[in-house]
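J.: Here it is, the structure, as structure tokens.
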Protein chains: 2
Amino acid sequence: MNYSYQKEIIYETLKTLKNHPTAEYVYHYLKYKNYKISLATVYRNLNKMAALGKIKKIGGINGSARYDYNINKHYHFECQSCGKIFDISSEFTLGLTEQIQNATGFKIYSHDMIFYGLCAECRDNNYKTITL
Amino acid sequence: MNYSYQKEIIYETLKTLKNHPTAEYVYHYLKYKNYKISLATVYRNLNKMAALGKIKKIGGINGSARYDYNINKHYHFECQSCGKIFDISSEFTLGLTEQIQNATGFKIYSHDMIFYGLCAECRDNNYKTITL
DNA sequence: ACAAATCATAAGAATGATTCTCATTATTAA
DNA sequence: TTAATAATGAGAATCATTCTTATGATTTGT
């Protein structure tokens, strides 16, 4: 994978934004910042970087794919009210892969987990809405 | 949700097929079996049944959504070689939701997990390919 | 069983997300 | 610096899914 300015600014955008953006979001962010770039290039590079393990592509979220600068093992939580994506530590599943490999005979290379519910803020707002 | 013949045969198809099919697959299976049905109806009913909890919609798998007749809590494994989807018991994550709710303050309603790797058969075949 | 109201379907159009194509431009290596 | 290779931009194409609307099926009350 050769150097390119576009690759650079896409990667920097992902580093800056903490909101697990979609390709479309990265594209609009860069256009807004007056960088010259095309949507296809954003998709191309995000997927290429994900394939190389430089970033992480997150599936399973309603709508478009999300991309994550953080490639350390961790999970995600999607708030069903505000739509925000939060990181969840993977400390709660230590040894899980080994257990399942032993139980199934499968060779497991990776896994993803996503939680759905209400973030702390939305949970409180919803209680207010219901009780008032 | 009213009765309809189409709903019936879609649900029966999901019960019969053990392979976590896509909507498209269910549609072609039914056409092949000479049932009169349209693709939009397959999508409409699979999604409606999933919304009502009668079946389970599985996201996060490369490409299209998959649908599962089994609505008991369980996870999935996708073989990166043959593409088959296998069920994984959820017995290895007892208490996980509570732990994460306590640690984060989020209200968690559900979660999905998908493992990627090689199924037993493909793992063996790959060894053969490599060593021969 | 009948009529009226409601709901579901078929078929194709429309949409949204993503990938492809290919002519042009940038990057790399000798 | 030049040839070879790789990346980009822009729009077309594709894929999965949803929407639209006219028609047909199902339900409900009598």
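By convention here, the chains of the structure tokens are called A, B, ... in the order presented, each chain's residues are numbered starting at 1, and ligands are numbered starting at 1 in the order presented.
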With only C-alpha atoms (C1' of nucleotides) considered, list every residue of chain C at most 9 Å from chain B, as a ChimeraX atom specification.
T.: /C:7-11
J.: With chain B held fixed, move chain A onto it by a least-squares fit of all C-alpha atoms in order and give the output as a JSON list (two decimals) with N, CA and C atoms, in the first residue's frame.
T.:
```json
[["chain", "number", "residue", "atom", "x", "y", "z"],
["A", 1, "MET", "N", -50.64, -8.35, 13.39],
["A", 1, "MET", "CA", -50.18, -9.03, 12.18],
["A", 1, "MET", "C", -51.16, -10.12, 11.77],
["A", 2, "ASN", "N", -51.79, -9.94, 10.64],
["A", 2, "ASN", "CA", -52.79, -10.91, 10.15],
["A", 2, "ASN", "C", -52.17, -12.18, 9.58],
["A", 3, "TYR", "N", -53.00, -13.20, 9.53],
["A", 3, "TYR", "CA", -52.57, -14.43, 8.87],
["A", 3, "TYR", "C", -52.38, -14.18, 7.38],
["A", 4, "SER", "N", -51.38, -14.86, 6.79],
["A", 4, "SER", "CA", -51.32, -14.96, 5.33],
["A", 4, "SER", "C", -50.57, -16.23, 4.98],
["A", 5, "TYR", "N", -50.91, -16.78, 3.86],
["A", 5, "TYR", "CA", -50.29, -18.01, 3.39],
["A", 5, "TYR", "C", -48.79, -17.81, 3.23],
["A", 6, "GLN", "N", -48.42, -16.64, 2.69],
["A", 6, "GLN", "CA", -47.01, -16.35, 2.44],
["A", 6, "GLN", "C", -46.21, -16.35, 3.75],
["A", 7, "LYS", "N", -46.78, -15.70, 4.78],
["A", 7, "LYS", "CA", -46.14, -15.67, 6.09],
["A", 7, "LYS", "C", -45.88, -17.10, 6.56],
["A", 8, "GLU", "N", -46.90, -17.92, 6.41],
["A", 8, "GLU", "CA", -46.84, -19.34, 6.80],
["A", 8, "GLU", "C", -45.66, -20.06, 6.12],
["A", 9, "ILE", "N", -45.58, -19.95, 4.81],
["A", 9, "ILE", "CA", -44.55, -20.72, 4.09],
["A", 9, "ILE", "C", -43.15, -20.14, 4.32],
["A", 10, "ILE", "N", -43.06, -18.86, 4.58],
["A", 10, "ILE", "CA", -41.76, -18.26, 4.90],
["A", 10, "ILE", "C", -41.27, -18.80, 6.25],
["A", 11, "TYR", "N", -42.17, -18.81, 7.21],
["A", 11, "TYR", "CA", -41.82, -19.31, 8.55],
["A", 11, "TYR", "C", -41.46, -20.79, 8.51],
["A", 12, "GLU", "N", -42.21, -21.55, 7.73],
["A", 12, "GLU", "CA", -41.94, -22.98, 7.60],
["A", 12, "GLU", "C", -40.59, -23.24, 6.92],
["A", 13, "THR", "N", -40.29, -22.38, 5.96],
["A", 13, "THR", "CA", -39.00, -22.51, 5.26],
["A", 13, "THR", "C", -37.85, -22.31, 6.24],
["A", 14, "LEU", "N", -37.98, -21.27, 7.07],
["A", 14, "LEU", "CA", -36.94, -20.98, 8.05],
["A", 14, "LEU", "C", -36.80, -22.13, 9.04],
["A", 15, "LYS", "N", -37.92, -22.77, 9.36],
["A", 15, "LYS", "CA", -37.90, -23.91, 10.28],
["A", 15, "LYS", "C", -37.18, -25.10, 9.64],
["A", 16, "THR", "N", -37.40, -25.27, 8.35],
["A", 16, "THR", "CA", -36.84, -26.42, 7.63],
["A", 16, "THR", "C", -35.35, -26.26, 7.36],
["A", 17, "LEU", "N", -34.98, -25.09, 6.83],
["A", 17, "LEU", "CA", -33.58, -24.84, 6.49],
["A", 17, "LEU", "C", -32.80, -24.58, 7.78],
["A", 18, "LYS", "N", -31.68, -25.24, 7.91],
["A", 18, "LYS", "CA", -30.89, -25.05, 9.13],
["A", 18, "LYS", "C", -29.71, -24.12, 8.88],
["A", 19, "ASN", "N", -29.68, -23.50, 7.70],
["A", 19, "ASN", "CA", -28.47, -22.79, 7.30],
["A", 19, "ASN", "C", -28.52, -21.26, 7.44],
["A", 20, "HIS", "N", -29.38, -20.75, 8.33],
["A", 20, "HIS", "CA", -29.42, -19.31, 8.56],
["A", 20, "HIS", "C", -29.49, -18.57, 7.23],
["A", 21, "PRO", "N", -30.54, -18.78, 6.45],
["A", 21, "PRO", "CA", -30.58, -18.25, 5.07],
["A", 21, "PRO", "C", -30.78, -16.74, 5.00],
["A", 22, "THR", "N", -30.41, -16.19, 3.86],
["A", 22, "THR", "CA", -30.73, -14.80, 3.55],
["A", 22, "THR", "C", -32.16, -14.74, 3.03],
["A", 23, "ALA", "N", -32.71, -13.53, 2.92],
["A", 23, "ALA", "CA", -34.06, -13.35, 2.37],
["A", 23, "ALA", "C", -34.10, -13.88, 0.93],
["A", 24, "GLU", "N", -33.08, -13.53, 0.20],
["A", 24, "GLU", "CA", -32.95, -13.97, -1.20],
["A", 24, "GLU", "C", -33.01, -15.50, -1.29],
["A", 25, "TYR", "N", -32.30, -16.17, -0.37],
["A", 25, "TYR", "CA", -32.25, -17.62, -0.38],
["A", 25, "TYR", "C", -33.64, -18.21, -0.11],
["A", 26, "VAL", "N", -34.34, -17.65, 0.86],
["A", 26, "VAL", "CA", -35.69, -18.12, 1.18],
["A", 26, "VAL", "C", -36.58, -17.94, -0.04],
["A", 27, "TYR", "N", -36.45, -16.80, -0.69],
["A", 27, "TYR", "CA", -37.24, -16.51, -1.90],
["A", 27, "TYR", "C", -36.99, -17.55, -2.99],
["A", 28, "HIS", "N", -35.73, -17.81, -3.30],
["A", 28, "HIS", "CA", -35.41, -18.77, -4.36],
["A", 28, "HIS", "C", -35.83, -20.19, -4.00],
["A", 29, "TYR", "N", -35.69, -20.52, -2.73],
["A", 29, "TYR", "CA", -36.13, -21.83, -2.25],
["A", 29, "TYR", "C", -37.63, -22.02, -2.49],
["A", 30, "LEU", "N", -38.40, -20.98, -2.19],
["A", 30, "LEU", "CA", -39.86, -21.07, -2.35],
["A", 30, "LEU", "C", -40.25, -21.08, -3.83],
["A", 31, "LYS", "N", -39.57, -20.27, -4.64],
["A", 31, "LYS", "CA", -39.84, -20.29, -6.08],
["A", 31, "LYS", "C", -39.55, -21.68, -6.65],
["A", 32, "TYR", "N", -38.43, -22.24, -6.22],
["A", 32, "TYR", "CA", -38.02, -23.57, -6.66],
["A", 32, "TYR", "C", -39.07, -24.62, -6.28],
["A", 33, "LYS", "N", -39.67, -24.42, -5.11],
["A", 33, "LYS", "CA", -40.71, -25.34, -4.65],
["A", 33, "LYS", "C", -42.07, -25.00, -5.26],
["A", 34, "ASN", "N", -42.04, -24.06, -6.22],
["A", 34, "ASN", "CA", -43.23, -23.68, -6.98],
["A", 34, "ASN", "C", -44.30, -22.93, -6.21],
["A", 35, "TYR", "N", -43.88, -22.23, -5.16],
["A", 35, "TYR", "CA", -44.82, -21.37, -4.47],
["A", 35, "TYR", "C", -44.82, -20.02, -5.14],
["A", 36, "LYS", "N", -45.97, -19.39, -5.16],
["A", 36, "LYS", "CA", -46.09, -18.05, -5.75],
["A", 36, "LYS", "C", -45.83, -17.03, -4.66],
["A", 37, "ILE", "N", -44.75, -16.30, -4.78],
["A", 37, "ILE", "CA", -44.40, -15.32, -3.76],
["A", 37, "ILE", "C", -43.46, -14.28, -4.37],
["A", 38, "SER", "N", -43.44, -13.10, -3.78],
["A", 38, "SER", "CA", -42.53, -12.08, -4.29],
["A", 38, "SER", "C", -41.44, -11.79, -3.27],
["A", 39, "LEU", "N", -40.31, -11.31, -3.78],
["A", 39, "LEU", "CA", -39.16, -11.04, -2.93],
["A", 39, "LEU", "C", -39.48, -10.02, -1.84],
["A", 40, "ALA", "N", -40.24, -8.97, -2.22],
["A", 40, "ALA", "CA", -40.59, -7.94, -1.25],
["A", 40, "ALA", "C", -41.37, -8.53, -0.08],
["A", 41, "THR", "N", -42.22, -9.49, -0.37],
["A", 41, "THR", "CA", -43.01, -10.14, 0.67],
["A", 41, "THR", "C", -42.12, -10.93, 1.61],
["A", 42, "VAL", "N", -41.10, -11.57, 1.06],
["A", 42, "VAL", "CA", -40.17, -12.32, 1.90],
["A", 42, "VAL", "C", -39.45, -11.37, 2.86],
["A", 43, "TYR", "N", -38.90, -10.29, 2.32],
["A", 43, "TYR", "CA", -38.25, -9.28, 3.17],
["A", 43, "TYR", "C", -39.21, -8.74, 4.21],
["A", 44, "ARG", "N", -40.40, -8.34, 3.75],
["A", 44, "ARG", "CA", -41.39, -7.73, 4.63],
["A", 44, "ARG", "C", -41.69, -8.64, 5.81],
["A", 45, "ASN", "N", -41.94, -9.90, 5.53],
["A", 45, "ASN", "CA", -42.35, -10.81, 6.58],
["A", 45, "ASN", "C", -41.21, -11.25, 7.48],
["A", 46, "LEU", "N", -40.05, -11.46, 6.90],
["A", 46, "LEU", "CA", -38.91, -11.83, 7.74],
["A", 46, "LEU", "C", -38.63, -10.70, 8.73],
["A", 47, "ASN", "N", -38.64, -9.47, 8.24],
["A", 47, "ASN", "CA", -38.35, -8.35, 9.13],
["A", 47, "ASN", "C", -39.45, -8.12, 10.15],
["A", 48, "LYS", "N", -40.68, -8.33, 9.73],
["A", 48, "LYS", "CA", -41.79, -8.17, 10.66],
["A", 48, "LYS", "C", -41.71, -9.22, 11.77],
["A", 49, "MET", "N", -41.47, -10.45, 11.38],
["A", 49, "MET", "CA", -41.37, -11.53, 12.36],
["A", 49, "MET", "C", -40.19, -11.30, 13.30],
["A", 50, "ALA", "N", -39.09, -10.78, 12.76],
["A", 50, "ALA", "CA", -37.92, -10.49, 13.59],
["A", 50, "ALA", "C", -38.26, -9.39, 14.59],
["A", 51, "ALA", "N", -38.99, -8.37, 14.13],
["A", 51, "ALA", "CA", -39.37, -7.26, 15.01],
["A", 51, "ALA", "C", -40.27, -7.75, 16.14],
["A", 52, "LEU", "N", -41.09, -8.75, 15.85],
["A", 52, "LEU", "CA", -41.99, -9.30, 16.86],
["A", 52, "LEU", "C", -41.33, -10.38, 17.71],
["A", 53, "GLY", "N", -40.07, -10.70, 17.39],
["A", 53, "GLY", "CA", -39.34, -11.69, 18.18],
["A", 53, "GLY", "C", -39.71, -13.12, 17.85],
["A", 54, "LYS", "N", -40.40, -13.34, 16.75],
["A", 54, "LYS", "CA", -40.80, -14.70, 16.35],
["A", 54, "LYS", "C", -39.62, -15.44, 15.69],
["A", 55, "ILE", "N", -38.73, -14.67, 15.08],
["A", 55, "ILE", "CA", -37.49, -15.22, 14.54],
["A", 55, "ILE", "C", -36.39, -14.23, 14.91],
["A", 56, "LYS", "N", -35.14, -14.56, 14.53],
["A", 56, "LYS", "CA", -34.03, -13.65, 14.85],
["A", 56, "LYS", "C", -33.30, -13.24, 13.59],
["A", 57, "LYS", "N", -33.03, -11.96, 13.46],
["A", 57, "LYS", "CA", -32.26, -11.44, 12.34],
["A", 57, "LYS", "C", -30.81, -11.33, 12.77],
["A", 58, "ILE", "N", -29.90, -11.87, 11.95],
["A", 58, "ILE", "CA", -28.48, -11.86, 12.30],
["A", 58, "ILE", "C", -27.73, -10.89, 11.41],
["A", 59, "GLY", "N", -27.12, -9.89, 12.01],
["A", 59, "GLY", "CA", -26.31, -8.94, 11.24],
["A", 59, "GLY", "C", -24.85, -9.30, 11.36],
["A", 60, "GLY", "N", -23.99, -8.43, 10.87],
["A", 60, "GLY", "CA", -22.55, -8.59, 11.07],
["A", 60, "GLY", "C", -21.91, -9.61, 10.17],
["A", 61, "ILE", "N", -22.73, -10.33, 9.39],
["A", 61, "ILE", "CA", -22.16, -11.31, 8.49],
["A", 61, "ILE", "C", -22.00, -10.68, 7.12],
["A", 62, "ASN", "N", -20.81, -10.85, 6.59],
["A", 62, "ASN", "CA", -20.41, -10.33, 5.30],
["A", 62, "ASN", "C", -21.53, -10.49, 4.26],
["A", 63, "GLY", "N", -22.00, -9.38, 3.71],
["A", 63, "GLY", "CA", -23.06, -9.43, 2.70],
["A", 63, "GLY", "C", -24.44, -9.20, 3.31],
["A", 64, "SER", "N", -25.38, -10.07, 2.98],
["A", 64, "SER", "CA", -26.78, -9.87, 3.37],
["A", 64, "SER", "C", -27.06, -10.29, 4.80],
["A", 65, "ALA", "N", -28.21, -9.82, 5.29],
["A", 65, "ALA", "CA", -28.68, -10.24, 6.60],
["A", 65, "ALA", "C", -29.11, -11.69, 6.55],
["A", 66, "ARG", "N", -28.95, -12.38, 7.68],
["A", 66, "ARG", "CA", -29.37, -13.78, 7.79],
["A", 66, "ARG", "C", -30.52, -13.85, 8.78],
["A", 67, "TYR", "N", -31.33, -14.88, 8.64],
["A", 67, "TYR", "CA", -32.48, -15.05, 9.53],
["A", 67, "TYR", "C", -32.42, -16.43, 10.16],
["A", 68, "ASP", "N", -32.81, -16.48, 11.43],
["A", 68, "ASP", "CA", -32.64, -17.68, 12.23],
["A", 68, "ASP", "C", -33.96, -18.05, 12.89],
["A", 69, "TYR", "N", -34.36, -19.31, 12.71],
["A", 69, "TYR", "CA", -35.59, -19.83, 13.32],
["A", 69, "TYR", "C", -35.42, -19.95, 14.83],
["A", 70, "ASN", "N", -34.20, -20.19, 15.25],
["A", 70, "ASN", "CA", -33.90, -20.41, 16.67],
["A", 70, "ASN", "C", -33.79, -19.09, 17.42],
["A", 71, "ILE", "N", -34.77, -18.82, 18.29],
["A", 71, "ILE", "CA", -34.74, -17.55, 19.02],
["A", 71, "ILE", "C", -34.23, -17.71, 20.44],
["A", 72, "ASN", "N", -33.77, -18.91, 20.79],
["A", 72, "ASN", "CA", -33.13, -19.05, 22.09],
["A", 72, "ASN", "C", -31.79, -18.32, 22.05],
["A", 73, "LYS", "N", -31.40, -17.81, 23.22],
["A", 73, "LYS", "CA", -30.14, -17.06, 23.31],
["A", 73, "LYS", "C", -28.98, -17.94, 22.85],
["A", 74, "HIS", "N", -28.31, -17.52, 21.80],
["A", 74, "HIS", "CA", -27.13, -18.23, 21.34],
["A", 74, "HIS", "C", -26.33, -17.32, 20.42],
["A", 75, "TYR", "N", -25.11, -17.71, 20.12],
["A", 75, "TYR", "CA", -24.25, -16.89, 19.27],
["A", 75, "TYR", "C", -24.00, -17.58, 17.94],
["A", 76, "HIS", "N", -23.21, -16.94, 17.09],
["A", 76, "HIS", "CA", -22.93, -17.54, 15.78],
["A", 76, "HIS", "C", -21.45, -17.54, 15.45],
["A", 77, "PHE", "N", -21.11, -18.48, 14.61],
["A", 77, "PHE", "CA", -19.75, -18.62, 14.12],
["A", 77, "PHE", "C", -19.81, -18.69, 12.61],
["A", 78, "GLU", "N", -19.04, -17.84, 11.94],
["A", 78, "GLU", "CA", -18.99, -17.88, 10.47],
["A", 78, "GLU", "C", -17.65, -18.43, 10.03],
["A", 79, "CYS", "N", -17.68, -19.53, 9.28],
["A", 79, "CYS", "CA", -16.44, -20.11, 8.77],
["A", 79, "CYS", "C", -15.97, -19.26, 7.59],
["A", 80, "GLN", "N", -14.73, -18.76, 7.71],
["A", 80, "GLN", "CA", -14.20, -17.86, 6.67],
["A", 80, "GLN", "C", -13.81, -18.60, 5.42],
["A", 81, "SER", "N", -13.82, -19.94, 5.49],
["A", 81, "SER", "CA", -13.47, -20.72, 4.31],
["A", 81, "SER", "C", -14.72, -21.18, 3.55],
["A", 82, "CYS", "N", -15.63, -21.88, 4.22],
["A", 82, "CYS", "CA", -16.81, -22.42, 3.51],
["A", 82, "CYS", "C", -18.02, -21.49, 3.62],
["A", 83, "GLY", "N", -17.96, -20.49, 4.51],
["A", 83, "GLY", "CA", -19.07, -19.54, 4.62],
["A", 83, "GLY", "C", -20.24, -20.01, 5.46],
["A", 84, "LYS", "N", -20.19, -21.24, 5.94],
["A", 84, "LYS", "CA", -21.31, -21.75, 6.74],
["A", 84, "LYS", "C", -21.41, -21.03, 8.08],
["A", 85, "ILE", "N", -22.65, -20.94, 8.57],
["A", 85, "ILE", "CA", -22.90, -20.32, 9.87],
["A", 85, "ILE", "C", -23.25, -21.41, 10.87],
["A", 86, "PHE", "N", -22.58, -21.43, 12.00],
["A", 86, "PHE", "CA", -22.86, -22.42, 13.03],
["A", 86, "PHE", "C", -23.37, -21.73, 14.29],
["A", 87, "ASP", "N", -24.15, -22.46, 15.08],
["A", 87, "ASP", "CA", -24.61, -21.93, 16.36],
["A", 87, "ASP", "C", -23.55, -22.16, 17.43],
["A", 88, "ILE", "N", -23.47, -21.21, 18.33],
["A", 88, "ILE", "CA", -22.55, -21.32, 19.47],
["A", 88, "ILE", "C", -23.37, -21.11, 20.74],
["A", 89, "SER", "N", -23.19, -22.00, 21.67],
["A", 89, "SER", "CA", -23.93, -21.90, 22.93],
["A", 89, "SER", "C", -23.59, -20.61, 23.67],
["A", 90, "SER", "N", -24.56, -20.11, 24.43],
["A", 90, "SER", "CA", -24.30, -18.88, 25.20],
["A", 90, "SER", "C", -23.93, -19.20, 26.63],
["A", 91, "GLU", "N", -23.65, -20.47, 26.91],
["A", 91, "GLU", "CA", -23.34, -20.89, 28.29],
["A", 91, "GLU", "C", -22.03, -20.28, 28.82],
["A", 92, "PHE", "N", -21.21, -19.76, 27.88],
["A", 92, "PHE", "CA", -19.89, -19.27, 28.28],
["A", 92, "PHE", "C", -19.91, -17.82, 28.78],
["A", 93, "THR", "N", -21.07, -17.18, 28.66],
["A", 93, "THR", "CA", -21.13, -15.76, 29.03],
["A", 93, "THR", "C", -22.20, -15.49, 30.08],
["A", 94, "LEU", "N", -22.41, -16.45, 30.97],
["A", 94, "LEU", "CA", -23.41, -16.26, 32.01],
["A", 94, "LEU", "C", -23.03, -15.06, 32.89],
["A", 95, "GLY", "N", -23.99, -14.19, 33.14],
["A", 95, "GLY", "CA", -23.74, -13.05, 34.01],
["A", 95, "GLY", "C", -23.06, -11.87, 33.33],
["A", 96, "LEU", "N", -22.76, -12.02, 32.05],
["A", 96, "LEU", "CA", -22.02, -10.98, 31.33],
["A", 96, "LEU", "C", -22.80, -9.66, 31.28],
["A", 97, "THR", "N", -24.07, -9.74, 30.92],
["A", 97, "THR", "CA", -24.89, -8.53, 30.81],
["A", 97, "THR", "C", -24.93, -7.76, 32.13],
["A", 98, "GLU", "N", -25.12, -8.48, 33.22],
["A", 98, "GLU", "CA", -25.19, -7.83, 34.53],
["A", 98, "GLU", "C", -23.87, -7.14, 34.85],
["A", 99, "GLN", "N", -22.77, -7.84, 34.61],
["A", 99, "GLN", "CA", -21.44, -7.26, 34.87],
["A", 99, "GLN", "C", -21.25, -5.95, 34.12],
["A", 100, "ILE", "N", -21.65, -5.95, 32.85],
["A", 100, "ILE", "CA", -21.41, -4.76, 32.04],
["A", 100, "ILE", "C", -22.38, -3.66, 32.40],
["A", 101, "GLN", "N", -23.61, -4.02, 32.74],
["A", 101, "GLN", "CA", -24.55, -2.99, 33.21],
["A", 101, "GLN", "C", -23.99, -2.32, 34.45],
["A", 102, "ASN", "N", -23.47, -3.10, 35.37],
["A", 102, "ASN", "CA", -22.93, -2.54, 36.60],
["A", 102, "ASN", "C", -21.72, -1.66, 36.32],
["A", 103, "ALA", "N", -20.87, -2.09, 35.39],
["A", 103, "ALA", "CA", -19.65, -1.35, 35.12],
["A", 103, "ALA", "C", -19.91, -0.06, 34.34],
["A", 104, "THR", "N", -20.97, -0.03, 33.54],
["A", 104, "THR", "CA", -21.17, 1.11, 32.64],
["A", 104, "THR", "C", -22.33, 2.02, 33.01],
["A", 105, "GLY", "N", -23.32, 1.49, 33.72],
["A", 105, "GLY", "CA", -24.52, 2.28, 33.98],
["A", 105, "GLY", "C", -25.49, 2.27, 32.82],
["A", 106, "PHE", "N", -25.18, 1.49, 31.79],
["A", 106, "PHE", "CA", -26.12, 1.37, 30.65],
["A", 106, "PHE", "C", -27.19, 0.34, 30.99],
["A", 107, "LYS", "N", -28.35, 0.50, 30.36],
["A", 107, "LYS", "CA", -29.39, -0.52, 30.46],
["A", 107, "LYS", "C", -29.26, -1.38, 29.21],
["A", 108, "ILE", "N", -28.93, -2.65, 29.38],
["A", 108, "ILE", "CA", -28.69, -3.54, 28.23],
["A", 108, "ILE", "C", -29.89, -4.46, 28.02],
["A", 109, "TYR", "N", -30.44, -4.40, 26.84],
["A", 109, "TYR", "CA", -31.59, -5.25, 26.52],
["A", 109, "TYR", "C", -31.19, -6.52, 25.78],
["A", 110, "SER", "N", -30.15, -6.44, 24.98],
["A", 110, "SER", "CA", -29.72, -7.62, 24.23],
["A", 110, "SER", "C", -28.29, -7.44, 23.75],
["A", 111, "HIS", "N", -27.72, -8.50, 23.26],
["A", 111, "HIS", "CA", -26.42, -8.37, 22.62],
["A", 111, "HIS", "C", -26.25, -9.51, 21.62],
["A", 112, "ASP", "N", -25.39, -9.28, 20.65],
["A", 112, "ASP", "CA", -25.08, -10.28, 19.65],
["A", 112, "ASP", "C", -23.58, -10.49, 19.64],
["A", 113, "MET", "N", -23.19, -11.72, 19.36],
["A", 113, "MET", "CA", -21.76, -11.98, 19.24],
["A", 113, "MET", "C", -21.56, -12.92, 18.06],
["A", 114, "ILE", "N", -20.53, -12.63, 17.29],
["A", 114, "ILE", "CA", -20.23, -13.49, 16.15],
["A", 114, "ILE", "C", -18.73, -13.78, 16.12],
["A", 115, "PHE", "N", -18.42, -15.04, 15.92],
["A", 115, "PHE", "CA", -17.04, -15.50, 15.87],
["A", 115, "PHE", "C", -16.65, -15.79, 14.43],
["A", 116, "TYR", "N", -15.41, -15.50, 14.11],
["A", 116, "TYR", "CA", -14.90, -15.76, 12.76],
["A", 116, "TYR", "C", -13.71, -16.69, 12.83],
["A", 117, "GLY", "N", -13.64, -17.64, 11.90],
["A", 117, "GLY", "CA", -12.50, -18.55, 11.90],
["A", 117, "GLY", "C", -12.73, -19.68, 10.93],
["A", 118, "LEU", "N", -12.21, -20.85, 11.29],
["A", 118, "LEU", "CA", -12.37, -22.03, 10.42],
["A", 118, "LEU", "C", -13.14, -23.09, 11.18],
["A", 119, "CYS", "N", -14.16, -23.67, 10.53],
["A", 119, "CYS", "CA", -14.88, -24.77, 11.15],
["A", 119, "CYS", "C", -13.97, -25.99, 11.16],
["A", 120, "ALA", "N", -14.33, -27.00, 11.92],
["A", 120, "ALA", "CA", -13.47, -28.17, 12.10],
["A", 120, "ALA", "C", -13.05, -28.76, 10.76],
["A", 121, "GLU", "N", -14.01, -28.89, 9.86],
["A", 121, "GLU", "CA", -13.73, -29.51, 8.57],
["A", 121, "GLU", "C", -12.74, -28.68, 7.74],
["A", 122, "CYS", "N", -13.00, -27.38, 7.63],
["A", 122, "CYS", "CA", -12.14, -26.52, 6.82],
["A", 122, "CYS", "C", -10.75, -26.39, 7.44],
["A", 123, "ARG", "N", -10.71, -26.40, 8.76],
["A", 123, "ARG", "CA", -9.41, -26.33, 9.44],
["A", 123, "ARG", "C", -8.56, -27.53, 9.04],
["A", 124, "ASP", "N", -9.16, -28.71, 9.03],
["A", 124, "ASP", "CA", -8.43, -29.93, 8.65],
["A", 124, "ASP", "C", -8.02, -29.88, 7.18],
["A", 125, "ASN", "N", -8.94, -29.46, 6.31],
["A", 125, "ASN", "CA", -8.62, -29.36, 4.88],
["A", 125, "ASN", "C", -7.48, -28.39, 4.64],
["A", 126, "ASN", "N", -7.48, -27.29, 5.37],
["A", 126, "ASN", "CA", -6.43, -26.30, 5.20],
["A", 126, "ASN", "C", -5.07, -26.83, 5.65],
["A", 127, "TYR", "N", -5.06, -27.60, 6.73],
["A", 127, "TYR", "CA", -3.82, -28.21, 7.17],
["A", 127, "TYR", "C", -3.28, -29.11, 6.06],
["A", 128, "LYS", "N", -4.19, -29.90, 5.48],
["A", 128, "LYS", "CA", -3.78, -30.79, 4.40],
["A", 128, "LYS", "C", -3.16, -30.01, 3.24],
["A", 129, "THR", "N", -3.86, -28.96, 2.84],
["A", 129, "THR", "CA", -3.38, -28.13, 1.73],
["A", 129, "THR", "C", -1.99, -27.58, 2.01],
["A", 130, "ILE", "N", -1.79, -27.15, 3.24],
["A", 130, "ILE", "CA", -0.51, -26.53, 3.58],
["A", 130, "ILE", "C", 0.60, -27.57, 3.65],
["A", 131, "THR", "N", 0.33, -28.73, 4.23],
["A", 131, "THR", "CA", 1.40, -29.70, 4.48],
["A", 131, "THR", "C", 1.74, -30.59, 3.29],
["A", 132, "LEU", "N", 0.80, -30.74, 2.35],
["A", 132, "LEU", "CA", 1.10, -31.62, 1.21],
["A", 132, "LEU", "C", 2.08, -30.97, 0.23]]
```
J.: Using DSSP assignments from the backbone, pull out every residue in range 1-131 of chain B that falls under strand (DSSP E or B) and give it to me as JSON, numbers by chain.
T.: {"B": [22, 56, 57, 58, 66, 67, 68, 74, 75, 76, 77, 78, 79, 85, 86, 87, 88, 89, 107, 108, 109, 110, 111, 112, 113, 114, 115, 116, 117, 118]}
J.: Measuring atom to atom with only C-alpha atoms (C1' of nucleotides), identify which of C:DA29, C:DA1, C:DA14, C:DA23 is nearest to DT17 in chain D.
T.: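 Answer, going by the shortest atom-to-atom distance: C:DA14.
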J.: Residues near DG29 in chain D, anyone? I mean within 10 Å using only C-alpha atoms (C1' of nucleotides), not counting same-chain ones fewer than 2 positions away, as a list in words.
T.: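 That gives DA3 and DA4 of chain C; DT27 of chain D.
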J.: As a ChimeraX atom specification, list the residues of chain A assigned to alpha helix (DSSP H) by DSSP on the backbone atoms of this structure.
T.: /A:5-16,23-32,39-51,96-104,120-131
J.: When you get a sec, could you note down which chain D residues fall within 9 Å of chain B, using only C-alpha atoms (C1' of nucleotides), as a list in words?
T.: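 Putting it all together, I get DC15, DA16, DT17, DT18, DA25, DT26 and DT27 of chain D.
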J.: Please write the residues from the selection above to a file, keeping C-alpha atoms (C1' of nucleotides), as a JSON list (two decimals), in the first residue's frame.
T.:
```json
[["chain", "number", "residue", "atom", "x", "y", "z"],
["D", 15, "DC", "C1'", -26.36, -5.13, -4.31],
["D", 16, "DA", "C1'", -29.50, -5.28, -0.56],
["D", 17, "DT", "C1'", -33.49, -3.49, 0.98],
["D", 18, "DT", "C1'", -37.67, -0.64, 1.22],
["D", 25, "DA", "C1'", -57.10, -12.03, 0.87],
["D", 26, "DT", "C1'", -58.61, -11.99, 5.65],
["D", 27, "DT", "C1'", -61.26, -10.48, 9.42]]
```
J.: Distance C1' of DA4 in chain D-C1' of DT24 in chain C, one decimal place?
T.: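 Between these atoms lies a distance of 15.9 Å.
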J.: Have a look at C1' of DC20 in chain C and C1' of DA3 in chain D and let me know their distance in Å, one decimal.
T.: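 The value is 27.1 Å.
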